[in-house]
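Notes for the one structure printed next.
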Number of protein chains: 2
Amino acid sequence: MLAEAACELFLENGYESTSVADITRRAGVSRSTFFNYFSSKADVVWGGLDERIVALEARLSEAPPGDAPEHIRAGIAELAAGFVPDTLALALLHATTMGFAGELEREASVRRARIGRAVAQRMRRDGAERLRADVVGAAVGGGVLAAIEVWAQAGPDRPDLTGLVERVLGFAGL
Amino acid sequence: MLAEAACELFLENGYESTSVADITRRAGVSRSTFFNYFSSKADVVWGGLDERIVALEARLSEAPPGDAPEHIRAGIAELAAGFVPDTLALALLHATTMGFAGELEREASVRRARIGRAVAQRMRRDGAERLRADVVGAAVGGGVLAAIEVWAQAGPDRPDLTGLVERVLGFAGL
DNA sequence: GTGGTTTCTGGATCGCGTCCAACAATACGC
DNA sequence: GCGTATTGTTGGACGCGATCCAGAAACCAC
């Protein structure tokens, strides 16, 4: 119910203009309860992607040494496969029309960086030099988020994310 | 005085454990005065870089069409030339020792994204496809921030940033 | 001095996020 | 049935960043 109420309000008034108190009021629960289910307001929108990023981090840090590019390709493909964050797509769609500034862009950049860091760490563990690893990682992170944005804008009958991220990995030199 | 007090406290207690009230107390002014000189707490640390990013955005959006890679190289070089953000280097140095997590990393990722967006917009204006522009932009943004981190960790007798960002641009395919 | 501009100040207000003690509801053992 | 854990919910207090504003203070020119 909380997620639904949040989605409705995000669409009605936008993400930033919706306070946690607004959400809980509409959902009919107390403010405290909100934080029993979400760690933050951003978690409502980004929780789905964050789980996948955690899985990516785990996969890349546990994978055996060697073949870093292959591990990264596989991890990113896994992240993209079956990606269905309805709430993120809605929020993104509603925001990109007005320039996608403010809080949502901040949050997006954090996810970009998290993916980038996971990739860069994996590359460095395989002997890549630091600057090069960070550049490639950032390229992948930025590309994945860009793919998600494009995908979210594609409307309800959107194709799979997989094709987009494959192209992104090509651009990033993987 | 505010910047000095902030620097001291950041080094003593770390960035996150220092509140705006702490800073103004040490500086002997009221909390309101702080926001007359800085738009946010992060501005104390990132203001110097932010100014350069604004200049980069202006330069890239006003430059004549064509030759995007050259404009980008020049803009990034300008950003790096004579870069001396004492306070950022200190905060970064103090933070990277403990993993560089939390607020500072958030703020860093925002700057990564701003640089990346500026670069990507310039490329798209020259006809680059969206995904490719975003990937290259993110690579540049991530690389510049990585270069700054490396540079900050290099100690007081650090070399110029210019050499580092040139290598980064090479990795990014520019 | 006087008048006007700039700066500083305190306080109110808002939102996010954390913490905790009290309370209700449910499930479980007997 | 009953007492008892366990779990979920609640309100409230708190700290923090940030915005806004009216009034006080400092400054400068004349």
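Following the order of the structure tokens, first chain is A, next is B, and so on, with residues numbered from 1 inside each chain and ligands from 1 in the order they appear.
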
List as a ChimeraX atom specification the protein and nucleic acid residues near C:DT2, meaning an atom at most 12 Å away when only C-alpha atoms (C1' of nucleotides) are counted, but skip any in the same chain fewer than 4 places from it. /D:28-30

Excluding A:Ala89 and any residue of its chain fewer than 5 positions from it, enumerate the residues within 10 Å of it, using only C-alpha atoms (C1' of nucleotides), and give them as a ChimeraX atom specification. /A:45-46,84,94-95,148-156

Return the neighbours of chain A among the residues of chain C, cut-off 9 Å, counting only C-alpha atoms (C1' of nucleotides), as a ChimeraX atom specification. /C:15-17

From the list A:Ala133, A:Tyr15, A:Val119, A:Arg25, which residue is nearest A:Leu2 when using only C-alpha atoms? A:Arg25

Residues of chain A within 6 Å of chain B, counting only C-alpha atoms - could you list those as a PyMOL selection string? chain A and resi 109-110+113+135+138-139+142-143

Would you put the residues from that selection into a file with N, CA and C atoms, as a tab-separated table (two decimals), in the first residue's frame?
chain	number	residue	atom	x	y	z
A	109	SER	N	22.74	9.57	-10.09
A	109	SER	CA	24.20	9.63	-10.16
A	109	SER	C	24.84	8.74	-9.11
A	110	VAL	N	24.15	8.56	-8.00
A	110	VAL	CA	24.69	7.66	-6.98
A	110	VAL	C	24.72	6.22	-7.50
A	113	ALA	N	27.46	5.71	-9.96
A	113	ALA	CA	28.75	5.57	-9.29
A	113	ALA	C	28.91	4.20	-8.64
A	135	VAL	N	37.82	4.72	-15.30
A	135	VAL	CA	37.21	5.25	-16.52
A	135	VAL	C	36.24	4.23	-17.11
A	138	ALA	N	33.17	3.86	-14.84
A	138	ALA	CA	32.24	4.98	-14.98
A	138	ALA	C	31.49	4.89	-16.30
A	139	ALA	N	32.17	4.46	-17.34
A	139	ALA	CA	31.51	4.32	-18.64
A	139	ALA	C	30.38	3.31	-18.55
A	142	GLY	N	27.55	4.77	-16.24
A	142	GLY	CA	26.80	5.80	-16.95
A	142	GLY	C	25.96	5.21	-18.07
A	143	GLY	N	26.53	4.24	-18.75
A	143	GLY	CA	25.80	3.62	-19.85
A	143	GLY	C	24.58	2.86	-19.37

Please provide the set of residues having any atom within 8 Å of B:Ala77, restricted to only C-alpha atoms (C1' of nucleotides), with same-chain residues fewer than 4 positions apart removed, written as number ranges by chain. B: 73, 81, 162, 165-166

Find the residues around C:DC30 up to 12 Å (only C-alpha atoms (C1' of nucleotides) counted), leave out those fewer than 5 positions away in its own chain, and share them as a ChimeraX atom specification. /D:1-4

Residues of chain D within 10 Å of chain A, counting only C-alpha atoms (C1' of nucleotides) - could you list those as a compact mmCIF listing (two decimals) with C-alpha atoms (C1' of nucleotides), in the first residue's frame?
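Dumped to iface.txt:
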# COMPACT_ATOMS: atom_id res chain seq x y z
C1' DG D 8 4.08 -4.73 13.92
C1' DT D 9 2.57 -0.10 14.75
C1' DT D 10 2.57 4.26 16.77
C1' DG D 11 3.69 8.84 18.55

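Atom CA of A:Val54 lies 14.7 Å from atom CA of A:Ala74.
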